[in-house]
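Take a look at the structure below.
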Amino acid sequence: MIVGFLLFGYFSDTFLSILNLRIFHTDVPKSLQDFYSSGKYRETRSYTRERIHLHYVSSAFQIVIILILILGGGFALIDDFAKSLWGSETGHSIAFLVILFVGFDVLSIPFQWYSTFSIEERYGFNNTSPSTFIVDKLKAYVISVVIVGGLFWLLSTIYFSNPAYFWLLAWAIATFFSLLTTMFYSNVIVPLFNKQTQLEAGELRDKIEQFAGITGFVLKNIFVINGSKRSTKTNAYFTGIGPQKRIVLYDTLIEQHSTDEIVAILAHEIGHYRKKHVLTGFILSNVLMLGVLYLFNIVLIMPDFALALGMQPTLHASLFVFAMLFSPISMIISIVSNMISRRHEFAADKFAADHGVGLALGEALKKLSVDNLSNLTPHRLYVFVNYSHPPVLERLKRLF
Ligand SMILES: [Zn+2]
């Protein structure tokens, strides 16, 4: 059953990617013809193709490793090894989860390396130096070990003291933790990787100040981030809730767009703020989390799943089995959350258009998709499953 679920995940993903490649139009869509030379459009196609091919290979590799471990009893061996490292029940669980997490990530490093230093490099996007790549990895491991270890320690303490209401108590903790993450991610985690500064004085700041004033957004919450440290790709986002809300503009975005276009992009982000999209997303994901933990509770009381992998039915074994069985459900959850996210994007675009900057936003979106070599004509089904943002042509259609 576990093997079936894994293969289902892999083949459905591959099928969608094949659809996406087959539908790729050979001609530049009409509304974007002025923005693309035929060479640039060819580049977009081959960039999309290369990335999808790498994705096939890396996920096939991961599935093969998992199958070998399941069929060859490898997970039971890792479990025994984790127990030998740290004798206590909770320590054993944390060691097992950390070995798996770091192990799988280390195995994927060659693919990540190839993506950054070959594909992104050849298409002119890469600014990451090998040392930044390595330091980023080490930092991410330390952060994950601290967070995974800390959360698991909390969960197991609850589990052993109050198993009957475990899923409800775990939900309360998960909600509290996601509240902390939503509020403090930009202040605590982002500075470990990037610099964020207040927008400098000048024409751009004046124009933004004027616009922010009209819409009621506080200017001190607008930051510029040094995205150029890793990539030339451009981006902007709205994050946080309550007093911690902020709009973050990439330095690359400011470099490559006109003042009017940046104001229009900012208007879109203020749209997310005014329409309370982060808060809506936060509430929805926590309601979903309650359902997920309830399902986890069912796996937890059925020891057969862990025994099928040759492991003792411990809390971490159930968690691990659940993560694998969960892939079809997580696909449904991501489809629903992508659907909501795409609606939010349209709503934020409309907010910008209602404030008189729809035309500039359209120009900015066209430029963004050329600069980032975005796939202009993804397959509908692929968009339905994987896209958190609507394809640019659909956004332009609604804007004009
Ligand atoms: Zn948006």
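FYI, nothing fancy with the structure tokens labels: chains A, B, ... in order, residues from 1 per chain, ligands from 1 as they appear.
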Checklist entry - Looking only at the backbone, which of the residues in range 94-334 of chain A does DSSP tag as alpha helix (DSSP H), as a VMD selection string? => result chain A and resid 94 to 114 121 to 122 130 to 161 166 to 184 190 to 193 203 to 215 251 to 256 259 to 274 277 to 300 304 to 308 315 to 325 327 to 334
Please write the residues from the selection above to a file, keeping C-alpha atoms, as a compact mmCIF listing (two decimals), in the first residue's frame.
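Writing the result to part.txt gives the following:
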# COMPACT_ATOMS: atom_id res chain seq x y z
CA ILE A 94 14.60 12.71 17.12
CA ALA A 95 17.78 10.97 15.92
CA PHE A 96 15.75 8.88 13.44
CA LEU A 97 13.91 11.88 11.99
CA VAL A 98 17.08 14.00 11.73
CA ILE A 99 19.04 11.19 10.00
CA LEU A 100 16.24 10.76 7.46
CA PHE A 101 15.76 14.47 6.87
CA VAL A 102 19.45 15.33 6.50
CA GLY A 103 20.19 12.05 4.66
CA PHE A 104 17.59 12.64 1.96
CA ASP A 105 18.66 16.23 1.55
CA VAL A 106 22.33 15.25 1.22
CA LEU A 107 21.35 12.73 -1.48
CA SER A 108 19.60 15.51 -3.40
CA ILE A 109 22.61 17.89 -3.26
CA PRO A 110 24.03 16.79 -6.66
CA PHE A 111 20.69 17.70 -8.29
CA GLN A 112 20.47 21.04 -6.46
CA TRP A 113 24.09 21.76 -7.38
CA TYR A 114 23.43 20.96 -11.05
CA GLU A 121 24.23 29.57 -14.54
CA ARG A 122 23.83 28.93 -18.29
CA PRO A 130 29.75 27.65 -4.06
CA SER A 131 30.58 28.91 -0.56
CA THR A 132 27.13 30.59 -0.19
CA PHE A 133 25.55 27.33 -1.36
CA ILE A 134 27.40 25.31 1.28
CA VAL A 135 26.88 27.83 4.10
CA ASP A 136 23.14 28.03 3.24
CA LYS A 137 22.88 24.26 3.47
CA LEU A 138 24.64 24.10 6.84
CA LYS A 139 22.45 26.89 8.26
CA ALA A 140 19.29 25.18 6.97
CA TYR A 141 20.35 21.89 8.62
CA VAL A 142 21.00 23.54 11.97
CA ILE A 143 17.66 25.41 11.86
CA SER A 144 15.75 22.27 10.85
CA VAL A 145 17.39 20.13 13.52
CA VAL A 146 16.53 22.72 16.19
CA ILE A 147 12.93 23.12 14.96
CA VAL A 148 12.24 19.43 14.17
CA GLY A 149 13.94 18.33 17.40
CA GLY A 150 12.16 20.93 19.56
CA LEU A 151 8.72 20.32 18.06
CA PHE A 152 9.07 16.57 18.24
CA TRP A 153 10.19 16.73 21.85
CA LEU A 154 7.07 18.78 22.67
CA LEU A 155 4.77 16.43 20.74
CA SER A 156 6.17 13.28 22.29
CA THR A 157 5.89 14.77 25.79
CA ILE A 158 2.19 15.41 25.11
CA TYR A 159 1.73 11.99 23.53
CA PHE A 160 3.10 10.10 26.52
CA SER A 161 1.26 12.21 29.08
CA PHE A 166 -2.97 13.89 21.59
CA TRP A 167 -4.26 15.08 18.21
CA LEU A 168 -6.16 18.03 19.70
CA LEU A 169 -3.26 19.14 21.91
CA ALA A 170 -0.83 18.68 19.02
CA TRP A 171 -3.10 20.88 16.93
CA ALA A 172 -3.01 23.64 19.55
CA ILE A 173 0.81 23.51 19.49
CA ALA A 174 0.97 23.41 15.69
CA THR A 175 -1.34 26.44 15.49
CA PHE A 176 0.71 28.36 18.03
CA PHE A 177 3.92 27.46 16.18
CA SER A 178 2.51 28.53 12.81
CA LEU A 179 1.38 31.81 14.38
CA LEU A 180 4.94 32.40 15.61
CA THR A 181 6.36 31.49 12.19
CA THR A 182 3.92 33.75 10.32
CA MET A 183 4.70 36.65 12.65
CA PHE A 184 8.44 36.34 13.12
CA VAL A 190 15.22 35.67 6.83
CA PRO A 191 18.10 37.73 8.39
CA LEU A 192 20.11 34.50 8.72
CA PHE A 193 20.20 34.30 4.92
CA GLU A 203 11.99 59.43 -6.26
CA LEU A 204 10.90 55.82 -5.78
CA ARG A 205 10.37 56.26 -2.05
CA ASP A 206 8.41 59.49 -2.59
CA LYS A 207 6.10 57.87 -5.12
CA ILE A 208 5.61 54.81 -2.97
CA GLU A 209 4.95 57.00 0.07
CA GLN A 210 2.29 58.86 -1.86
CA PHE A 211 0.63 55.64 -2.99
CA ALA A 212 0.93 53.87 0.38
CA GLY A 213 -0.68 56.93 2.01
CA ILE A 214 -3.75 56.66 -0.26
CA THR A 215 -4.23 53.00 0.58
CA ASP A 251 16.73 44.56 -5.09
CA THR A 252 16.71 42.91 -8.54
CA LEU A 253 13.10 44.01 -9.02
CA ILE A 254 13.99 47.62 -8.23
CA GLU A 255 16.93 47.47 -10.67
CA GLN A 256 14.96 46.08 -13.58
CA THR A 259 9.25 53.54 -10.84
CA ASP A 260 5.65 53.29 -12.10
CA GLU A 261 5.93 49.52 -12.47
CA ILE A 262 7.33 49.13 -8.94
CA VAL A 263 4.50 51.25 -7.54
CA ALA A 264 2.06 48.97 -9.42
CA ILE A 265 3.70 45.83 -7.99
CA LEU A 266 3.55 47.41 -4.55
CA ALA A 267 -0.14 48.16 -5.13
CA HIS A 268 -0.68 44.46 -5.80
CA GLU A 269 1.09 43.57 -2.54
CA ILE A 270 -0.91 46.18 -0.61
CA GLY A 271 -3.97 44.47 -2.16
CA HIS A 272 -2.95 41.24 -0.38
CA TYR A 273 -2.71 43.22 2.86
CA ARG A 274 -6.01 45.08 2.51
CA HIS A 277 -4.97 37.22 2.39
CA VAL A 278 -2.22 36.15 4.79
CA LEU A 279 -4.73 35.95 7.66
CA THR A 280 -7.22 33.95 5.52
CA GLY A 281 -4.44 31.56 4.47
CA PHE A 282 -3.34 31.18 8.09
CA ILE A 283 -6.86 30.32 9.32
CA LEU A 284 -7.53 27.88 6.45
CA SER A 285 -4.25 26.05 6.84
CA ASN A 286 -4.85 25.60 10.55
CA VAL A 287 -8.33 24.22 9.99
CA LEU A 288 -6.81 21.75 7.48
CA MET A 289 -4.15 20.90 10.03
CA LEU A 290 -6.83 19.74 12.46
CA GLY A 291 -8.07 17.23 9.86
CA VAL A 292 -4.52 16.09 9.10
CA LEU A 293 -3.76 15.46 12.77
CA TYR A 294 -7.00 13.55 13.18
CA LEU A 295 -5.94 11.25 10.30
CA PHE A 296 -2.49 10.93 11.86
CA ASN A 297 -4.16 9.79 15.05
CA ILE A 298 -5.77 6.91 13.09
CA VAL A 299 -2.37 5.76 11.75
CA LEU A 300 -0.98 6.11 15.27
CA ASP A 304 0.49 -2.69 11.34
CA PHE A 305 1.82 0.12 9.18
CA ALA A 306 5.10 0.50 11.08
CA LEU A 307 5.48 -3.29 11.40
CA ALA A 308 5.16 -3.57 7.58
CA LEU A 315 5.59 7.58 17.56
CA HIS A 316 8.26 8.51 15.00
CA ALA A 317 7.63 5.32 12.95
CA SER A 318 3.92 6.24 12.74
CA LEU A 319 4.83 9.80 11.82
CA PHE A 320 7.13 8.56 9.08
CA VAL A 321 4.61 6.05 7.67
CA PHE A 322 1.98 8.76 7.77
CA ALA A 323 4.20 11.13 5.80
CA MET A 324 4.45 8.53 3.02
CA LEU A 325 0.76 7.54 3.08
CA SER A 327 1.09 12.04 -0.39
CA PRO A 328 -2.33 11.72 -2.14
CA ILE A 329 -3.99 13.76 0.65
CA SER A 330 -1.25 16.40 0.53
CA MET A 331 -1.83 16.62 -3.22
CA ILE A 332 -5.51 17.41 -2.59
CA ILE A 333 -4.58 19.96 0.08
CA SER A 334 -2.08 21.67 -2.19
Write out as a Markdown table a residue-level contact list of chain A versus ligand 1 with cut-off 9 Å: for each qualifying residue the closest pair of atoms and the distance in Å to one decimal, counting only C-alpha atoms and all ligand atoms, rows sorted by chain and residue number upward.
| residue | atom | partner | partner_atom_place_in_ligand_line | distance |
| --- | --- | --- | --- | --- |
| A:Ala236 | CA | ligand 1 | 1 (Zn) | 8.0 |
| A:Tyr237 | CA | ligand 1 | 1 (Zn) | 6.6 |
| A:Phe238 | CA | ligand 1 | 1 (Zn) | 7.6 |
| A:Ile265 | CA | ligand 1 | 1 (Zn) | 8.6 |
| A:His268 | CA | ligand 1 | 1 (Zn) | 6.3 |
| A:Glu269 | CA | ligand 1 | 1 (Zn) | 5.9 |
| A:Gly271 | CA | ligand 1 | 1 (Zn) | 8.2 |
| A:His272 | CA | ligand 1 | 1 (Zn) | 6.6 |
| A:Ser341 | CA | ligand 1 | 1 (Zn) | 8.4 |
| A:Arg342 | CA | ligand 1 | 1 (Zn) | 8.5 |
| A:His344 | CA | ligand 1 | 1 (Zn) | 7.1 |
| A:Glu345 | CA | ligand 1 | 1 (Zn) | 4.7 |
| A:Phe346 | CA | ligand 1 | 1 (Zn) | 8.1 |
| A:Ala347 | CA | ligand 1 | 1 (Zn) | 8.8 |
| A:Ala348 | CA | ligand 1 | 1 (Zn) | 6.2 |
| A:Asp349 | CA | ligand 1 | 1 (Zn) | 7.6 |
| A:His389 | CA | ligand 1 | 1 (Zn) | 7.4 |
Next, the residues of the selection above should be written as a CSV table (one decimal), in the first residue's frame with all heavy atoms.
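Output below, filename part38.csv:
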chain,number,residue,atom,x,y,z
A,236,ALA,N,8.6,40.0,-5.4
A,236,ALA,CA,8.1,40.8,-4.3
A,236,ALA,C,7.1,40.0,-3.5
A,236,ALA,O,6.4,39.2,-4.1
A,236,ALA,CB,7.5,42.1,-4.9
A,237,TYR,N,7.0,40.2,-2.2
A,237,TYR,CA,5.9,39.5,-1.5
A,237,TYR,C,5.4,40.3,-0.3
A,237,TYR,O,6.1,41.2,0.2
A,237,TYR,CB,6.4,38.1,-1.1
A,237,TYR,CG,7.6,38.1,-0.2
A,237,TYR,CD1,7.5,38.1,1.1
A,237,TYR,CD2,8.9,38.0,-0.8
A,237,TYR,CE1,8.6,38.0,2.0
A,237,TYR,CE2,10.0,37.9,0.0
A,237,TYR,CZ,9.9,37.9,1.4
A,237,TYR,OH,11.0,37.9,2.2
A,238,PHE,N,4.2,39.9,0.1
A,238,PHE,CA,3.6,40.4,1.4
A,238,PHE,C,3.6,39.3,2.4
A,238,PHE,O,3.3,38.2,2.1
A,238,PHE,CB,2.2,40.9,1.1
A,238,PHE,CG,1.5,41.3,2.4
A,238,PHE,CD1,1.9,42.5,3.0
A,238,PHE,CD2,0.5,40.5,2.9
A,238,PHE,CE1,1.3,42.9,4.2
A,238,PHE,CE2,-0.1,40.9,4.1
A,238,PHE,CZ,0.3,42.1,4.8
A,265,ILE,N,3.5,47.1,-8.7
A,265,ILE,CA,3.7,45.8,-8.0
A,265,ILE,C,3.4,46.0,-6.5
A,265,ILE,O,2.8,45.1,-5.9
A,265,ILE,CB,5.2,45.4,-8.2
A,265,ILE,CG1,5.4,45.0,-9.7
A,265,ILE,CG2,5.5,44.2,-7.3
A,265,ILE,CD1,6.8,44.8,-10.1
A,268,HIS,N,-0.2,45.8,-5.8
A,268,HIS,CA,-0.7,44.5,-5.8
A,268,HIS,C,-0.4,43.9,-4.4
A,268,HIS,O,-1.3,43.2,-3.8
A,268,HIS,CB,0.0,43.7,-6.9
A,268,HIS,CG,-0.1,42.2,-6.8
A,268,HIS,ND1,-1.0,41.5,-7.6
A,268,HIS,CD2,0.5,41.3,-6.0
A,268,HIS,CE1,-0.9,40.2,-7.2
A,268,HIS,NE2,0.0,40.0,-6.3
A,269,GLU,N,0.8,44.1,-3.9
A,269,GLU,CA,1.1,43.6,-2.5
A,269,GLU,C,0.2,44.2,-1.5
A,269,GLU,O,-0.2,43.5,-0.5
A,269,GLU,CB,2.6,43.8,-2.2
A,269,GLU,CG,3.6,43.1,-3.2
A,269,GLU,CD,3.3,41.6,-3.4
A,269,GLU,OE1,2.8,41.0,-2.5
A,269,GLU,OE2,3.7,41.1,-4.5
A,271,GLY,N,-2.7,45.2,-2.0
A,271,GLY,CA,-4.0,44.5,-2.2
A,271,GLY,C,-4.1,43.2,-1.3
A,271,GLY,O,-5.1,43.0,-0.6
A,272,HIS,N,-3.0,42.4,-1.2
A,272,HIS,CA,-2.9,41.2,-0.4
A,272,HIS,C,-3.2,41.6,1.1
A,272,HIS,O,-3.9,40.9,1.8
A,272,HIS,CB,-1.6,40.5,-0.5
A,272,HIS,CG,-1.4,39.7,-1.7
A,272,HIS,ND1,-2.3,38.8,-2.1
A,272,HIS,CD2,-0.4,39.7,-2.6
A,272,HIS,CE1,-1.9,38.2,-3.3
A,272,HIS,NE2,-0.7,38.8,-3.6
A,341,SER,N,-5.0,30.5,-3.5
A,341,SER,CA,-3.9,31.5,-3.7
A,341,SER,C,-4.1,32.1,-5.1
A,341,SER,O,-3.9,33.4,-5.2
A,341,SER,CB,-2.6,30.7,-3.6
A,341,SER,OG,-1.6,31.5,-4.2
A,342,ARG,N,-4.5,31.4,-6.1
A,342,ARG,CA,-4.7,32.0,-7.4
A,342,ARG,C,-5.9,33.0,-7.4
A,342,ARG,O,-5.8,34.1,-8.0
A,342,ARG,CB,-5.0,30.9,-8.5
A,342,ARG,CG,-3.8,30.1,-8.8
A,342,ARG,CD,-4.0,29.3,-10.1
A,342,ARG,NE,-5.1,28.4,-10.1
A,342,ARG,CZ,-5.1,27.1,-9.6
A,342,ARG,NH1,-3.9,26.6,-9.2
A,342,ARG,NH2,-6.2,26.4,-9.6
A,344,HIS,N,-6.6,34.8,-4.8
A,344,HIS,CA,-6.0,35.9,-4.0
A,344,HIS,C,-5.2,36.8,-5.0
A,344,HIS,O,-5.2,38.0,-4.9
A,344,HIS,CB,-5.2,35.4,-2.9
A,344,HIS,CG,-5.9,35.0,-1.7
A,344,HIS,ND1,-5.4,34.3,-0.6
A,344,HIS,CD2,-7.3,35.0,-1.5
A,344,HIS,CE1,-6.3,34.0,0.2
A,344,HIS,NE2,-7.5,34.4,-0.2
A,345,GLU,N,-4.5,36.1,-5.9
A,345,GLU,CA,-3.6,36.9,-6.9
A,345,GLU,C,-4.5,37.8,-7.8
A,345,GLU,O,-4.2,38.9,-8.0
A,345,GLU,CB,-2.8,35.9,-7.7
A,345,GLU,CG,-1.7,35.2,-7.0
A,345,GLU,CD,-0.8,36.2,-6.1
A,345,GLU,OE1,-0.5,37.3,-6.6
A,345,GLU,OE2,-0.5,35.9,-5.0
A,346,PHE,N,-5.6,37.2,-8.3
A,346,PHE,CA,-6.5,38.0,-9.1
A,346,PHE,C,-7.1,39.1,-8.3
A,346,PHE,O,-7.2,40.2,-8.8
A,346,PHE,CB,-7.7,37.1,-9.6
A,346,PHE,CG,-7.3,36.2,-10.8
A,346,PHE,CD1,-7.7,34.9,-10.8
A,346,PHE,CD2,-6.7,36.7,-11.9
A,346,PHE,CE1,-7.4,34.0,-11.9
A,346,PHE,CE2,-6.3,35.9,-13.0
A,346,PHE,CZ,-6.7,34.6,-13.0
A,347,ALA,N,-7.4,38.9,-7.0
A,347,ALA,CA,-8.0,39.9,-6.2
A,347,ALA,C,-7.0,41.0,-6.0
A,347,ALA,O,-7.4,42.2,-6.0
A,347,ALA,CB,-8.5,39.3,-4.9
A,348,ALA,N,-5.8,40.7,-5.8
A,348,ALA,CA,-4.7,41.7,-5.5
A,348,ALA,C,-4.5,42.5,-6.8
A,348,ALA,O,-4.3,43.7,-6.8
A,348,ALA,CB,-3.4,41.0,-5.0
A,349,ASP,N,-4.5,41.8,-8.0
A,349,ASP,CA,-4.4,42.5,-9.3
A,349,ASP,C,-5.5,43.5,-9.4
A,349,ASP,O,-5.3,44.6,-9.9
A,349,ASP,CB,-4.4,41.5,-10.4
A,349,ASP,CG,-3.1,40.8,-10.6
A,349,ASP,OD1,-2.2,41.1,-10.0
A,349,ASP,OD2,-3.1,39.8,-11.4
A,389,HIS,N,0.2,30.9,-8.5
A,389,HIS,CA,-0.1,32.1,-9.2
A,389,HIS,C,-0.7,31.8,-10.5
A,389,HIS,O,-0.3,30.9,-11.2
A,389,HIS,CB,1.1,33.0,-9.4
A,389,HIS,CG,1.6,33.7,-8.2
A,389,HIS,ND1,1.9,33.0,-7.0
A,389,HIS,CD2,1.9,35.0,-7.9
A,389,HIS,CE1,2.3,33.8,-6.1
A,389,HIS,NE2,2.3,35.0,-6.6
With range 361-378 of chain A as the partner and 12 Å as the cut-off, tabulate the residues of range 78-153 of chain A that qualify, each row holding the nearest pair of atoms and their distance in Å to one decimal, using only C-alpha atoms, sorted by chain and rising number, as a tab-separated table.
residue	atom	partner	partner_atom	distance
A:Glu120	CA	A:Asn372	CA	10.6
A:Tyr123	CA	A:Leu373	CA	9.0
A:Gly124	CA	A:Asn372	CA	10.1
A:Phe125	CA	A:Asn372	CA	8.3
A:Asn126	CA	A:Asn372	CA	11.7
Could you write those residues out with N, CA and C atoms, as a tab-separated table (two decimals), in the first residue's frame?
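Below is the file result_2.tsv, written as the result:
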chain	number	residue	atom	x	y	z
A	120	GLU	N	20.82	27.20	-13.97
A	120	GLU	CA	20.64	28.63	-13.67
A	120	GLU	C	21.82	29.46	-14.18
A	123	TYR	N	21.66	30.04	-18.03
A	123	TYR	CA	20.62	30.98	-18.45
A	123	TYR	C	20.81	32.36	-17.80
A	124	GLY	N	21.96	32.54	-17.16
A	124	GLY	CA	22.32	33.87	-16.66
A	124	GLY	C	21.62	34.27	-15.36
A	125	PHE	N	21.05	33.31	-14.63
A	125	PHE	CA	20.35	33.68	-13.40
A	125	PHE	C	21.23	33.58	-12.16
A	126	ASN	N	22.24	32.70	-12.21
A	126	ASN	CA	22.91	32.36	-10.95
A	126	ASN	C	23.88	33.42	-10.45
Checklist entry - Suppose you want the space between CA of Val188 in chain A and CA of Tyr387 in chain A; what is it in Å? => result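 Interatomic distance here is 27.9 Å.
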Near Leu16 in chain A, counting only C-alpha atoms, which residues have an atom at most 9 Å away, once you skip same-chain residues fewer than 3 positions from it, shown as an mmCIF file with all heavy atoms, in the first residue's frame?
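Produced file result.cif, reproduced below:
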data_model
loop_
_atom_site.group_PDB
_atom_site.id
_atom_site.type_symbol
_atom_site.label_atom_id
_atom_site.label_comp_id
_atom_site.auth_asym_id
_atom_site.auth_seq_id
_atom_site.Cartn_x
_atom_site.Cartn_y
_atom_site.Cartn_z
ATOM 1 N N PHE A 11 4.063 9.032 -10.550
ATOM 2 C CA PHE A 11 3.568 8.959 -11.920
ATOM 3 C C PHE A 11 2.580 10.082 -12.246
ATOM 4 O O PHE A 11 2.559 10.581 -13.362
ATOM 5 C CB PHE A 11 2.987 7.576 -12.225
ATOM 6 C CG PHE A 11 4.083 6.561 -12.409
ATOM 7 C CD1 PHE A 11 4.238 5.503 -11.532
ATOM 8 C CD2 PHE A 11 5.020 6.704 -13.433
ATOM 9 C CE1 PHE A 11 5.279 4.591 -11.676
ATOM 10 C CE2 PHE A 11 6.060 5.800 -13.593
ATOM 11 C CZ PHE A 11 6.191 4.741 -12.711
ATOM 12 N N SER A 12 1.772 10.488 -11.257
ATOM 13 C CA SER A 12 0.848 11.582 -11.571
ATOM 14 C C SER A 12 1.634 12.868 -11.821
ATOM 15 O O SER A 12 1.324 13.637 -12.731
ATOM 16 C CB SER A 12 -0.198 11.765 -10.470
ATOM 17 O OG SER A 12 0.445 11.982 -9.250
ATOM 18 N N ASP A 13 2.687 13.071 -11.041
ATOM 19 C CA ASP A 13 3.526 14.252 -11.208
ATOM 20 C C ASP A 13 4.218 14.245 -12.589
ATOM 21 O O ASP A 13 4.226 15.246 -13.314
ATOM 22 C CB ASP A 13 4.567 14.230 -10.077
ATOM 23 C CG ASP A 13 5.423 15.469 -10.068
ATOM 24 O OD1 ASP A 13 4.868 16.536 -10.324
ATOM 25 O OD2 ASP A 13 6.637 15.357 -9.808
ATOM 26 N N LEU A 19 2.508 16.486 -19.986
ATOM 27 C CA LEU A 19 1.444 17.302 -20.604
ATOM 28 C C LEU A 19 1.942 18.724 -20.815
ATOM 29 O O LEU A 19 1.754 19.329 -21.864
ATOM 30 C CB LEU A 19 0.235 17.378 -19.676
ATOM 31 C CG LEU A 19 -0.758 16.236 -19.668
ATOM 32 C CD1 LEU A 19 -1.925 16.607 -18.755
ATOM 33 C CD2 LEU A 19 -1.286 15.981 -21.077
ATOM 34 N N ASN A 20 2.613 19.226 -19.775
ATOM 35 C CA ASN A 20 3.081 20.604 -19.795
ATOM 36 C C ASN A 20 4.095 20.843 -20.916
ATOM 37 O O ASN A 20 4.063 21.862 -21.598
ATOM 38 C CB ASN A 20 3.734 20.893 -18.449
ATOM 39 C CG ASN A 20 3.482 22.291 -18.005
ATOM 40 O OD1 ASN A 20 2.595 22.955 -18.525
ATOM 41 N ND2 ASN A 20 4.257 22.747 -17.069
ATOM 42 N N LEU A 21 4.982 19.879 -21.110
ATOM 43 C CA LEU A 21 5.998 20.021 -22.161
ATOM 44 C C LEU A 21 5.379 19.905 -23.540
ATOM 45 O O LEU A 21 5.753 20.604 -24.470
ATOM 46 C CB LEU A 21 7.075 18.956 -22.004
ATOM 47 C CG LEU A 21 8.159 19.241 -20.973
ATOM 48 C CD1 LEU A 21 9.187 18.129 -20.980
ATOM 49 C CD2 LEU A 21 8.833 20.587 -21.261
ATOM 50 N N HIS A 379 0.118 23.819 -19.204
ATOM 51 C CA HIS A 379 -1.115 23.055 -19.397
ATOM 52 C C HIS A 379 -2.087 23.356 -18.258
ATOM 53 O O HIS A 379 -1.677 23.494 -17.113
ATOM 54 C CB HIS A 379 -0.800 21.555 -19.417
ATOM 55 C CG HIS A 379 -1.937 20.733 -19.933
ATOM 56 N ND1 HIS A 379 -2.990 20.360 -19.139
ATOM 57 C CD2 HIS A 379 -2.189 20.234 -21.167
ATOM 58 C CE1 HIS A 379 -3.854 19.652 -19.860
ATOM 59 N NE2 HIS A 379 -3.383 19.560 -21.097
ATOM 60 N N LEU A 381 -4.219 21.585 -16.645
ATOM 61 C CA LEU A 381 -4.232 20.624 -15.539
ATOM 62 C C LEU A 381 -3.015 20.842 -14.633
ATOM 63 O O LEU A 381 -3.094 20.733 -13.408
ATOM 64 C CB LEU A 381 -4.212 19.197 -16.126
ATOM 65 C CG LEU A 381 -4.729 18.098 -15.220
ATOM 66 C CD1 LEU A 381 -6.145 18.367 -14.761
ATOM 67 C CD2 LEU A 381 -4.646 16.750 -15.943
ATOM 68 N N TYR A 382 -1.879 21.166 -15.273
ATOM 69 C CA TYR A 382 -0.647 21.417 -14.509
ATOM 70 C C TYR A 382 -0.840 22.659 -13.626
ATOM 71 O O TYR A 382 -0.467 22.672 -12.457
ATOM 72 C CB TYR A 382 0.530 21.616 -15.473
ATOM 73 C CG TYR A 382 1.883 21.599 -14.782
ATOM 74 C CD1 TYR A 382 2.552 20.392 -14.564
ATOM 75 C CD2 TYR A 382 2.469 22.768 -14.322
ATOM 76 C CE1 TYR A 382 3.763 20.358 -13.910
ATOM 77 C CE2 TYR A 382 3.699 22.752 -13.671
ATOM 78 C CZ TYR A 382 4.341 21.538 -13.473
ATOM 79 O OH TYR A 382 5.542 21.510 -12.814
ATOM 80 N N VAL A 385 -3.099 21.925 -10.619
ATOM 81 C CA VAL A 385 -2.476 21.185 -9.514
ATOM 82 C C VAL A 385 -1.334 21.973 -8.857
ATOM 83 O O VAL A 385 -1.235 22.027 -7.631
ATOM 84 C CB VAL A 385 -1.933 19.816 -10.023
ATOM 85 C CG1 VAL A 385 -1.186 19.066 -8.918
ATOM 86 C CG2 VAL A 385 -3.077 18.963 -10.532
#
Checklist entry - In Å to one decimal, how far is CA of Phe384 in chain A from CA of Ser58 in chain A? => result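 Interatomic distance, CA of Ser58 in chain A to CA of Phe384 in chain A: 22.8 Å.
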Checklist entry - Which neighbours of Ser31 in chain A fall inside 10 Å, counting only C-alpha atoms, when residues of the same chain fewer than 3 positions from it are skipped, and could you give them as a list in words? => result Val28, Asp34, Phe35, Lys366, Leu393, Leu396 and Lys397 of chain A
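Among the candidates A:Phe61, A:Glu394, A:Val218, A:Phe326, the residue lying nearest to Gly9 in chain A is A:Phe326 (atoms considered: only C-alpha atoms).
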Checklist entry - Among range 88-240 of chain A, which ones does DSSP place in strand (DSSP E or B), written as a list in words? => result Asn126, Gln196, Thr197, Gln198, Ile222, Phe223, Val224, Ile225, Ser231, Ala236, Tyr237, Phe238 and Thr239 of chain A
Dump C-alpha atoms for the selected residues as a PDB file, in the first residue's frame?
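See again.pdb below for the written result:
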ATOM      1  CA  ASN A 126      22.907  32.362 -10.951  1.00  0.00           C
ATOM      2  CA  GLN A 196      16.624  43.530   4.579  1.00  0.00           C
ATOM      3  CA  THR A 197      16.808  47.312   4.599  1.00  0.00           C
ATOM      4  CA  GLN A 198      14.331  50.174   4.614  1.00  0.00           C
ATOM      5  CA  ILE A 222       8.306  48.245   3.193  1.00  0.00           C
ATOM      6  CA  PHE A 223      11.699  46.519   2.917  1.00  0.00           C
ATOM      7  CA  VAL A 224      14.250  45.830   0.209  1.00  0.00           C
ATOM      8  CA  ILE A 225      15.931  42.411   0.305  1.00  0.00           C
ATOM      9  CA  SER A 231      19.896  34.982  -8.287  1.00  0.00           C
ATOM     10  CA  ALA A 236       8.130  40.828  -4.299  1.00  0.00           C
ATOM     11  CA  TYR A 237       5.912  39.510  -1.521  1.00  0.00           C
ATOM     12  CA  PHE A 238       3.643  40.430   1.367  1.00  0.00           C
ATOM     13  CA  THR A 239       4.131  38.559   4.629  1.00  0.00           C
TER      14      THR A 239
END
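Nearest residue to Pro29 in chain A among A:Leu6, A:Val392, A:Lys195, A:Val248 is A:Val392, counting only C-alpha atoms.
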Item to check | Atom-to-atom span, CA of Leu7 in chain A and CA of Gly310 in chain A, Å | outcome: 20.2 Å
